[in-house]
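Novice: Before I ask anything, let me first share the structure, which is written out below as structure tokens.
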There are 2 protein chains.
Amino acid sequence: MKPQAVEIAATRLKSHITRTPILRSRLLDRFLGCEIHFKNEGAQKVGAFKARGALNTLLALKERKQTPLEVVAYSSGNHAQAVAWASRHLGIKSTIIIPAGASRVKIAATRAYGAEVVIARSRAEAEDMAKSRAGVDGSFLLPPYDHDDVIAGQGTAALEAWEDLKGGEGGSYDAVFAPCGGGGLLSGTFLATRIFSAETKIFAAEPAMANDAARSYNTGKIFRFNDAPKTIADGARTLSVSDRTFHYLDQLDGFYEISEADILYWSQWMMHLLKVTVEPTAALGMAAAHQWLREGNRDKKILVMLSGANLDSDTYAAIWAEDHLSRLPAL
Amino acid sequence: MKPQAVEIAATRLKSHITRTPILRSRLLDRFLGCEIHFKNEGAQKVGAFKARGALNTLLALKERKQTPLEVVAYSSGNHAQAVAWASRHLGIKSTIIIPAGASRVKIAATRAYGAEVVIARSRAEAEDMAKSRAGVDGSFLLPPYDHDDVIAGQGTAALEAWEDLKGGEGGSYDAVFAPCGGGGLLSGTFLATRIFSAETKIFAAEPAMANDAARSYNTGKIFRFNDAPKTIADGARTLSVSDRTFHYLDQLDGFYEISEADILYWSQWMMHLLKVTVEPTAALGMAAAHQWLREGNRDKKILVMLSGANLDSDTYAAIWAEDHLSRLPAL
């Protein structure tokens, strides 16, 4: 896919989604001797960047006069809400298959966006049910990342950040950081960044205990977990990336593997400094940026993608169980 | 003071402060059968509306060519950071006297805004130290609420909300809700609202265990606590309102006394629905609005003032210790 696919997606999405703000913390910049721009996708529809990819895919189908009668997805997270929202936005019925044990809050939110929710006994069963339903009677299975229109849609978040920079203070980002789940956000971010800069470094951040993509990157061969890793960063619990996303991930400048302790630390500090809700997956990028800065990178301008803001109360409680704010960020 | 003092303050502050956004939750509106606009002062400079009153006071002094050589304040909360920020913004030295036991994070933030921080042994000693310093060698004591320019400055938050409504969808607010600490925000909100509407009801929200202002309102005589109440809503731990703020508070349409359980409940739901950080004091207004709606008020358009977004990690942990999100908001 060419980077321009992200520009086409941006034009398509423009009147439907939120142009999310860039957040800054002068205090953090001073602590770390750099300039960090945070793209806050927590302020996006459904509270996560996933709304972009889901809607871009459905709008592209509509343009080709292939609007499905029903959209199907399996997910226990932000993708479920994104598909429910995007479908209702276009007046299409949606059915979301959610594995048992998903939080009541997320199920309620998915229903509130108008989806029919079906509870499966396991993640594997949810996947099977969704796939067997797809293609039948005009049903369309909207995948969480393994689709060009999903990737192009996710890329519009970084595209907006670059446009804001070029239309504002000017200059360029030295580095861009984003979390890695299935690789959709990173693939789109890579494409969007290459529209504006060939030199900007692009880094992935992944929980160390869910490091399938980092292992794949290091060995050149896609590694797949048998069971979903139990990291607190629930957006990064995917079993593996796909061939499609690995094609882009393989071209990145590096992977940072983040400890659970660092995810908690940066979740607290992001909420404290930016005054917005930040889910643990969204803290990954800043944790990676911090490691990169500690490697001797000084006076850099960097972009950190905050992926979303959907947390259940258990996750909030886990984040705030111990105080990390008494240890100030430093290089 | 005339309502127009708030307009003068708004003109004065315009280029210095953040015009904070109105946040909405369609889901909450549907749950409660009404339309709620949240004025998010957590996105204000220093993360709280207090920046408005502090800077308005110093700018007014500057206009009168009475810029002090030093600004002094006593506070362990948002007022400390507001005075530090406003002073540095105008290039004035500031000294903030903070009682021992205040959180390290807030002390660090106050220092980061450029203030000299002095730690007093108690709240009473902090007050004495600040007052004895005021007037000496060009020092000016900037009070947290008992000053006309502070009140007028705080009123600019509600003024912006009204301007946004009139310049946008039009119509009027049926009711406005704000938390009550010393009464500065409510006094200013009352004045600002009266510029636009004589009929709009204005309600105060106060923790039941810190109900000095509600008692004062009910008896017509200012009630004063001997010791600061231990409510989790730390912005409402003031011992009493002042004659100046009571003059406005006495003209409100009512006080709601909020239980600690309800403060926790709405702190969770505000963060969950709005995706921004909300301090417990900021949840008070929504808790009061909920009670008012339950009294049979249907299809109303209301404004809720979210006062700030500064929480230490202990407060976060206390808010999320138990799950309140599984109980959906309802009438």
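Within each chain, counting starts at residue 1; across the structure tokens, chains are named A, B, ... in the order shown, with ligands numbered 1 upward in that order.
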What's around Arg298 in chain B at 12 Å? Count only C-alpha atoms, leave out sequence neighbours fewer than 5 positions away in its own chain, and write the answer as a list in words.
Specialist: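 The residues that qualify are Asp29, Arg30, Phe31, Leu32, Gly33, Cys34, Glu35, Ile36, Asp174, Ala175, Ala289, His290, Trp292, Leu293 and Leu331 of chain B.
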Novice: Need the shell around range 72-78 of chain B: protein/DNA/RNA residues with any atom at most 7 Å away, counting only C-alpha atoms. Skip same-chain ones fewer than 3 positions apart. Format as a JSON list (two decimals) with N, CA and C atoms, in the first residue's frame?
Specialist:
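Contents of result07.json, freshly written:
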```
[["chain", "number", "residue", "atom", "x", "y", "z"],
["B", 48, "ALA", "N", -6.92, 23.72, 36.82],
["B", 48, "ALA", "CA", -8.06, 24.10, 37.65],
["B", 48, "ALA", "C", -8.46, 25.54, 37.35],
["B", 50, "LYS", "N", -8.79, 27.87, 39.18],
["B", 50, "LYS", "CA", -8.14, 28.84, 40.07],
["B", 50, "LYS", "C", -7.18, 29.77, 39.33],
["B", 81, "GLN", "N", -0.81, 26.40, 43.19],
["B", 81, "GLN", "CA", -0.26, 26.31, 41.84],
["B", 81, "GLN", "C", -0.72, 27.48, 40.98],
["B", 82, "ALA", "N", -1.97, 27.92, 41.21],
["B", 82, "ALA", "CA", -2.51, 29.04, 40.42],
["B", 82, "ALA", "C", -1.74, 30.32, 40.69],
["B", 94, "SER", "N", 6.98, 34.81, 43.68],
["B", 94, "SER", "CA", 5.89, 34.35, 44.56],
["B", 94, "SER", "C", 6.42, 33.43, 45.65],
["B", 95, "THR", "N", 5.78, 33.53, 46.78],
["B", 95, "THR", "CA", 6.10, 32.65, 47.91],
["B", 95, "THR", "C", 4.81, 31.97, 48.35],
["B", 96, "ILE", "N", 4.81, 30.66, 48.34],
["B", 96, "ILE", "CA", 3.61, 29.91, 48.71],
["B", 96, "ILE", "C", 3.90, 29.16, 50.00],
["B", 97, "ILE", "N", 3.04, 29.37, 50.98],
["B", 97, "ILE", "CA", 3.23, 28.72, 52.28],
["B", 97, "ILE", "C", 2.27, 27.53, 52.34],
["B", 98, "ILE", "N", 2.86, 26.36, 52.45],
["B", 98, "ILE", "CA", 2.10, 25.11, 52.37],
["B", 98, "ILE", "C", 2.19, 24.38, 53.70],
["B", 99, "PRO", "N", 1.05, 23.95, 54.24],
["B", 99, "PRO", "CA", 1.10, 23.22, 55.51],
["B", 99, "PRO", "C", 1.82, 21.88, 55.35],
["B", 102, "ALA", "N", 1.27, 18.15, 53.05],
["B", 102, "ALA", "CA", 0.76, 18.28, 51.67],
["B", 102, "ALA", "C", 1.54, 17.30, 50.78],
["B", 126, "ALA", "N", 0.43, 28.36, 58.59],
["B", 126, "ALA", "CA", 0.60, 28.82, 57.21],
["B", 126, "ALA", "C", -0.15, 30.13, 56.99],
["B", 127, "GLU", "N", -1.37, 30.18, 57.51],
["B", 127, "GLU", "CA", -2.20, 31.37, 57.39],
["B", 127, "GLU", "C", -1.56, 32.55, 58.11],
["B", 130, "ALA", "N", 1.57, 33.80, 56.25],
["B", 130, "ALA", "CA", 1.23, 34.53, 55.02],
["B", 130, "ALA", "C", 0.73, 35.92, 55.37],
["B", 134, "ALA", "N", 2.25, 39.76, 54.42],
["B", 134, "ALA", "CA", 1.55, 40.62, 53.45],
["B", 134, "ALA", "C", 1.72, 42.09, 53.81],
["B", 139, "SER", "N", 4.79, 43.20, 49.47],
["B", 139, "SER", "CA", 4.18, 41.88, 49.32],
["B", 139, "SER", "C", 2.66, 41.99, 49.23],
["B", 140, "PHE", "N", 2.07, 41.16, 48.42],
["B", 140, "PHE", "CA", 0.61, 41.15, 48.27],
["B", 140, "PHE", "C", 0.09, 39.75, 48.58],
["B", 141, "LEU", "N", -0.85, 39.65, 49.51],
["B", 141, "LEU", "CA", -1.45, 38.36, 49.85],
["B", 141, "LEU", "C", -2.62, 38.10, 48.92],
["B", 142, "LEU", "N", -2.52, 37.06, 48.12],
["B", 142, "LEU", "CA", -3.58, 36.76, 47.15],
["B", 142, "LEU", "C", -4.50, 35.70, 47.78],
["B", 143, "PRO", "N", -5.71, 36.11, 48.19],
["B", 143, "PRO", "CA", -6.58, 35.18, 48.91],
["B", 143, "PRO", "C", -7.25, 34.19, 47.94]]
```
Novice: Compile the contact shell of Ala192 in chain A as a list in words: residues with an atom at most 9 Å away, counting only C-alpha atoms, same-chain residues fewer than 6 positions apart removed.
Specialist: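 What passes the distance filter is Pro3, Gln4, Ala5, Val6, Glu7, Ala152, Gly155, Thr156, Ala157, Ala158, Leu159, Glu160 and Trp162 of chain A.
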Novice: Write a file of the selected residues as an mmCIF file, in the first residue's frame, keeping N, CA, C and O atoms.
Specialist:
```cif
data_model
loop_
_atom_site.group_PDB
_atom_site.id
_atom_site.type_symbol
_atom_site.label_atom_id
_atom_site.label_comp_id
_atom_site.auth_asym_id
_atom_site.auth_seq_id
_atom_site.Cartn_x
_atom_site.Cartn_y
_atom_site.Cartn_z
ATOM 1 N N PRO A 3 1.759 5.275 0.783
ATOM 2 C CA PRO A 3 1.405 6.223 1.862
ATOM 3 C C PRO A 3 0.171 7.062 1.524
ATOM 4 O O PRO A 3 -0.582 7.451 2.421
ATOM 5 N N GLN A 4 -0.047 7.318 0.231
ATOM 6 C CA GLN A 4 -1.169 8.181 -0.167
ATOM 7 C C GLN A 4 -2.527 7.577 0.208
ATOM 8 O O GLN A 4 -3.524 8.291 0.274
ATOM 9 N N ALA A 5 -2.563 6.274 0.467
ATOM 10 C CA ALA A 5 -3.816 5.646 0.912
ATOM 11 C C ALA A 5 -4.303 6.283 2.217
ATOM 12 O O ALA A 5 -5.515 6.358 2.473
ATOM 13 N N VAL A 6 -3.348 6.753 3.016
ATOM 14 C CA VAL A 6 -3.720 7.400 4.288
ATOM 15 C C VAL A 6 -4.354 8.766 4.017
ATOM 16 O O VAL A 6 -5.317 9.167 4.687
ATOM 17 N N GLU A 7 -3.846 9.460 3.009
ATOM 18 C CA GLU A 7 -4.445 10.759 2.651
ATOM 19 C C GLU A 7 -5.862 10.580 2.125
ATOM 20 O O GLU A 7 -6.766 11.364 2.440
ATOM 21 N N ALA A 152 -5.004 2.025 6.696
ATOM 22 C CA ALA A 152 -5.001 3.404 6.176
ATOM 23 C C ALA A 152 -5.791 4.320 7.113
ATOM 24 O O ALA A 152 -5.397 5.461 7.369
ATOM 25 N N GLY A 155 -3.866 5.226 10.166
ATOM 26 C CA GLY A 155 -2.792 6.155 9.837
ATOM 27 C C GLY A 155 -3.198 7.614 9.854
ATOM 28 O O GLY A 155 -2.350 8.505 9.955
ATOM 29 N N THR A 156 -4.498 7.866 9.783
ATOM 30 C CA THR A 156 -4.940 9.271 9.741
ATOM 31 C C THR A 156 -4.669 10.005 11.052
ATOM 32 O O THR A 156 -4.601 11.234 11.064
ATOM 33 N N ALA A 157 -4.501 9.278 12.155
ATOM 34 C CA ALA A 157 -4.180 9.944 13.428
ATOM 35 C C ALA A 157 -2.812 10.615 13.318
ATOM 36 O O ALA A 157 -2.663 11.808 13.612
ATOM 37 N N ALA A 158 -1.809 9.857 12.894
ATOM 38 C CA ALA A 158 -0.470 10.439 12.734
ATOM 39 C C ALA A 158 -0.461 11.501 11.635
ATOM 40 O O ALA A 158 0.217 12.525 11.755
ATOM 41 N N LEU A 159 -1.242 11.260 10.582
ATOM 42 C CA LEU A 159 -1.322 12.258 9.502
ATOM 43 C C LEU A 159 -1.772 13.615 10.050
ATOM 44 O O LEU A 159 -1.184 14.657 9.725
ATOM 45 N N GLU A 160 -2.802 13.605 10.892
ATOM 46 C CA GLU A 160 -3.280 14.863 11.494
ATOM 47 C C GLU A 160 -2.188 15.533 12.316
ATOM 48 O O GLU A 160 -2.021 16.760 12.284
ATOM 49 N N TRP A 162 1.055 15.323 11.943
ATOM 50 C CA TRP A 162 2.027 15.922 11.014
ATOM 51 C C TRP A 162 1.460 17.187 10.377
ATOM 52 O O TRP A 162 2.171 18.188 10.232
#
```
Novice: Just the number, please: distance in Å from CA of Met305 in chain A to CA of Arg88 in chain A, one decimal.
Specialist: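 Between CA of Met305 in chain A and CA of Arg88 in chain A the gap is 26.6 Å.
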Novice: Using only C-alpha atoms, I'd like a table of the residues in chain A that come within 7 Å of chain B; for each, show the closest atom pair and its distance in Å rounded to one decimal, ordered by chain and ascending number, as a tab-separated table.
Specialist:
```
residue	atom	partner	partner_atom	distance
A:Gly42	CA	B:Lys275	CA	6.6
A:Ala43	CA	B:Lys275	CA	6.9
A:Arg104	CA	B:Ser326	CA	6.6
A:Val105	CA	B:Ser326	CA	6.4
A:Met271	CA	B:Thr277	CA	6.8
A:Lys275	CA	B:Thr277	CA	4.9
A:Val276	CA	B:Val276	CA	3.9
A:Thr277	CA	B:Val276	CA	4.9
A:Ala309	CA	B:Lys275	CA	6.0
A:Ser313	CA	B:Asp323	CA	5.6
A:Tyr316	CA	B:Trp320	CA	6.1
A:Ala317	CA	B:Trp320	CA	5.0
A:Trp320	CA	B:Ala317	CA	5.0
A:Ala321	CA	B:Ala317	CA	5.9
A:Asp323	CA	B:Ser313	CA	5.6
A:Leu325	CA	B:Val105	CA	6.6
A:Ser326	CA	B:Val105	CA	6.3
```
Novice: I want to know what sits within 7 Å of Glu206 in chain B, based on only C-alpha atoms, with residues of the same chain fewer than 2 positions away left out; could you give that as a ChimeraX atom specification?
Specialist: /B:179-180,204,208,210-211,236,256-258,284
Novice: Just N, CA, C and O atoms for this one: save the residues we selected as a JSON list (two decimals), in the first residue's frame.
Specialist:
```json
[["chain", "number", "residue", "atom", "x", "y", "z"],
["B", 179, "PRO", "N", -19.37, 23.18, 42.41],
["B", 179, "PRO", "CA", -18.99, 22.79, 43.78],
["B", 179, "PRO", "C", -18.73, 24.01, 44.66],
["B", 179, "PRO", "O", -18.36, 25.07, 44.16],
["B", 180, "CYS", "N", -18.90, 23.81, 45.96],
["B", 180, "CYS", "CA", -18.69, 24.91, 46.90],
["B", 180, "CYS", "C", -17.54, 24.61, 47.85],
["B", 180, "CYS", "O", -17.60, 23.67, 48.64],
["B", 204, "ALA", "N", -25.58, 24.89, 44.37],
["B", 204, "ALA", "CA", -24.27, 24.56, 44.93],
["B", 204, "ALA", "C", -24.24, 23.10, 45.33],
["B", 204, "ALA", "O", -25.26, 22.52, 45.74],
["B", 208, "ALA", "N", -21.42, 16.36, 52.14],
["B", 208, "ALA", "CA", -22.25, 16.36, 53.34],
["B", 208, "ALA", "C", -21.39, 16.52, 54.60],
["B", 208, "ALA", "O", -21.79, 17.18, 55.56],
["B", 210, "ALA", "N", -18.71, 18.17, 54.86],
["B", 210, "ALA", "CA", -18.03, 19.48, 54.87],
["B", 210, "ALA", "C", -19.06, 20.55, 54.54],
["B", 210, "ALA", "O", -18.82, 21.45, 53.74],
["B", 211, "ASN", "N", -20.24, 20.44, 55.17],
["B", 211, "ASN", "CA", -21.41, 21.23, 54.76],
["B", 211, "ASN", "C", -21.53, 22.59, 55.44],
["B", 211, "ASN", "O", -22.65, 23.06, 55.71],
["B", 236, "ALA", "N", -13.03, 21.21, 48.79],
["B", 236, "ALA", "CA", -14.18, 21.68, 49.59],
["B", 236, "ALA", "C", -13.91, 21.56, 51.08],
["B", 236, "ALA", "O", -14.83, 21.56, 51.90],
["B", 256, "TYR", "N", -27.00, 21.22, 47.53],
["B", 256, "TYR", "CA", -27.09, 19.76, 47.64],
["B", 256, "TYR", "C", -25.90, 19.26, 48.45],
["B", 256, "TYR", "O", -24.76, 19.64, 48.18],
["B", 257, "GLU", "N", -26.22, 18.43, 49.43],
["B", 257, "GLU", "CA", -25.16, 17.87, 50.27],
["B", 257, "GLU", "C", -24.88, 16.45, 49.79],
["B", 257, "GLU", "O", -25.76, 15.60, 49.80],
["B", 258, "ILE", "N", -23.67, 16.21, 49.38],
["B", 258, "ILE", "CA", -23.31, 14.97, 48.67],
["B", 258, "ILE", "C", -22.54, 14.01, 49.59],
["B", 258, "ILE", "O", -21.58, 14.42, 50.24],
["B", 284, "LEU", "N", -18.61, 16.79, 42.34],
["B", 284, "LEU", "CA", -19.73, 17.23, 43.19],
["B", 284, "LEU", "C", -20.89, 17.79, 42.38],
["B", 284, "LEU", "O", -22.06, 17.52, 42.67]]
```
Novice: Out of range 126-284 of chain B, which residues get strand (DSSP E) from DSSP, as a VMD selection string?
Specialist: chain B and resid 139 to 141 175 to 179 201 to 207 254 to 258
Novice: Would you export the selected residues with N, CA, C and O atoms as a compact mmCIF listing (two decimals), in the first residue's frame, please?
Specialist:
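Output file part32.txt follows:
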```
# COMPACT_ATOMS: atom_id res chain seq x y z
N SER B 139 4.79 43.20 49.47
CA SER B 139 4.18 41.88 49.32
C SER B 139 2.66 41.99 49.23
O SER B 139 2.05 42.82 49.91
N PHE B 140 2.07 41.16 48.42
CA PHE B 140 0.61 41.15 48.27
C PHE B 140 0.09 39.75 48.58
O PHE B 140 0.55 38.77 47.99
N LEU B 141 -0.85 39.65 49.51
CA LEU B 141 -1.45 38.36 49.85
C LEU B 141 -2.62 38.10 48.92
O LEU B 141 -3.59 38.86 48.92
N ALA B 175 -30.48 25.00 34.37
CA ALA B 175 -29.83 25.00 35.68
C ALA B 175 -28.33 24.88 35.53
O ALA B 175 -27.83 24.31 34.56
N VAL B 176 -27.61 25.45 36.51
CA VAL B 176 -26.15 25.40 36.54
C VAL B 176 -25.73 24.85 37.90
O VAL B 176 -26.30 25.24 38.93
N PHE B 177 -24.74 23.97 37.90
CA PHE B 177 -24.26 23.34 39.13
C PHE B 177 -22.76 23.54 39.28
O PHE B 177 -22.02 23.35 38.32
N ALA B 178 -22.34 23.89 40.49
CA ALA B 178 -20.90 24.05 40.73
C ALA B 178 -20.60 23.65 42.18
O ALA B 178 -21.45 23.76 43.06
N PRO B 179 -19.37 23.18 42.41
CA PRO B 179 -18.99 22.79 43.78
C PRO B 179 -18.73 24.01 44.66
O PRO B 179 -18.36 25.07 44.16
N LYS B 201 -31.69 28.43 37.13
CA LYS B 201 -31.45 28.08 38.52
C LYS B 201 -29.97 27.78 38.72
O LYS B 201 -29.32 27.20 37.84
N ILE B 202 -29.45 28.18 39.86
CA ILE B 202 -28.04 27.95 40.16
C ILE B 202 -27.95 27.23 41.50
O ILE B 202 -28.48 27.70 42.51
N PHE B 203 -27.29 26.07 41.46
CA PHE B 203 -27.22 25.23 42.65
C PHE B 203 -25.77 24.98 43.06
O PHE B 203 -24.88 24.84 42.21
N ALA B 204 -25.58 24.89 44.37
CA ALA B 204 -24.27 24.56 44.93
C ALA B 204 -24.24 23.10 45.33
O ALA B 204 -25.26 22.52 45.74
N ALA B 205 -23.06 22.49 45.21
CA ALA B 205 -22.86 21.11 45.64
C ALA B 205 -21.72 21.08 46.65
O ALA B 205 -20.63 21.61 46.39
N GLU B 206 -21.98 20.47 47.79
CA GLU B 206 -20.99 20.46 48.87
C GLU B 206 -20.95 19.06 49.49
O GLU B 206 -21.99 18.41 49.60
N PRO B 207 -19.79 18.60 49.90
CA PRO B 207 -19.77 17.30 50.59
C PRO B 207 -20.61 17.39 51.86
O PRO B 207 -20.53 18.39 52.60
N GLY B 254 -30.37 26.75 45.81
CA GLY B 254 -30.33 25.63 46.74
C GLY B 254 -28.95 25.02 46.85
O GLY B 254 -28.06 25.29 46.04
N PHE B 255 -28.77 24.24 47.90
CA PHE B 255 -27.54 23.49 48.14
C PHE B 255 -27.86 22.00 48.14
O PHE B 255 -28.87 21.58 48.70
N TYR B 256 -27.00 21.22 47.53
CA TYR B 256 -27.09 19.76 47.64
C TYR B 256 -25.90 19.26 48.45
O TYR B 256 -24.76 19.64 48.18
N GLU B 257 -26.22 18.43 49.43
CA GLU B 257 -25.16 17.87 50.27
C GLU B 257 -24.88 16.45 49.79
O GLU B 257 -25.76 15.60 49.80
N ILE B 258 -23.67 16.21 49.38
CA ILE B 258 -23.31 14.97 48.67
C ILE B 258 -22.54 14.01 49.59
O ILE B 258 -21.58 14.42 50.24
```
Novice: Expressed in Å to a single decimal, how great is the separation between CA of Asp250 in chain B and CA of Ala161 in chain B?
Specialist: 23.0 Å
Novice: Could you tell me how far CA of Arg12 in chain B sits from CA of Thr200 in chain B, in Å to one decimal place?
Specialist: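 Computing the Euclidean distance for CA of Thr200 in chain B and CA of Arg12 in chain B yields 26.1 Å.
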Novice: Please return as a PyMOL selection string: the residues of range 3-173 of chain B that backbone DSSP assigns to helix (DSSP H, G or I).
Specialist: chain B and resi 4-13+26-32+41-43+45-47+50-63+78-89+104-112+123-133+136-138+148-167
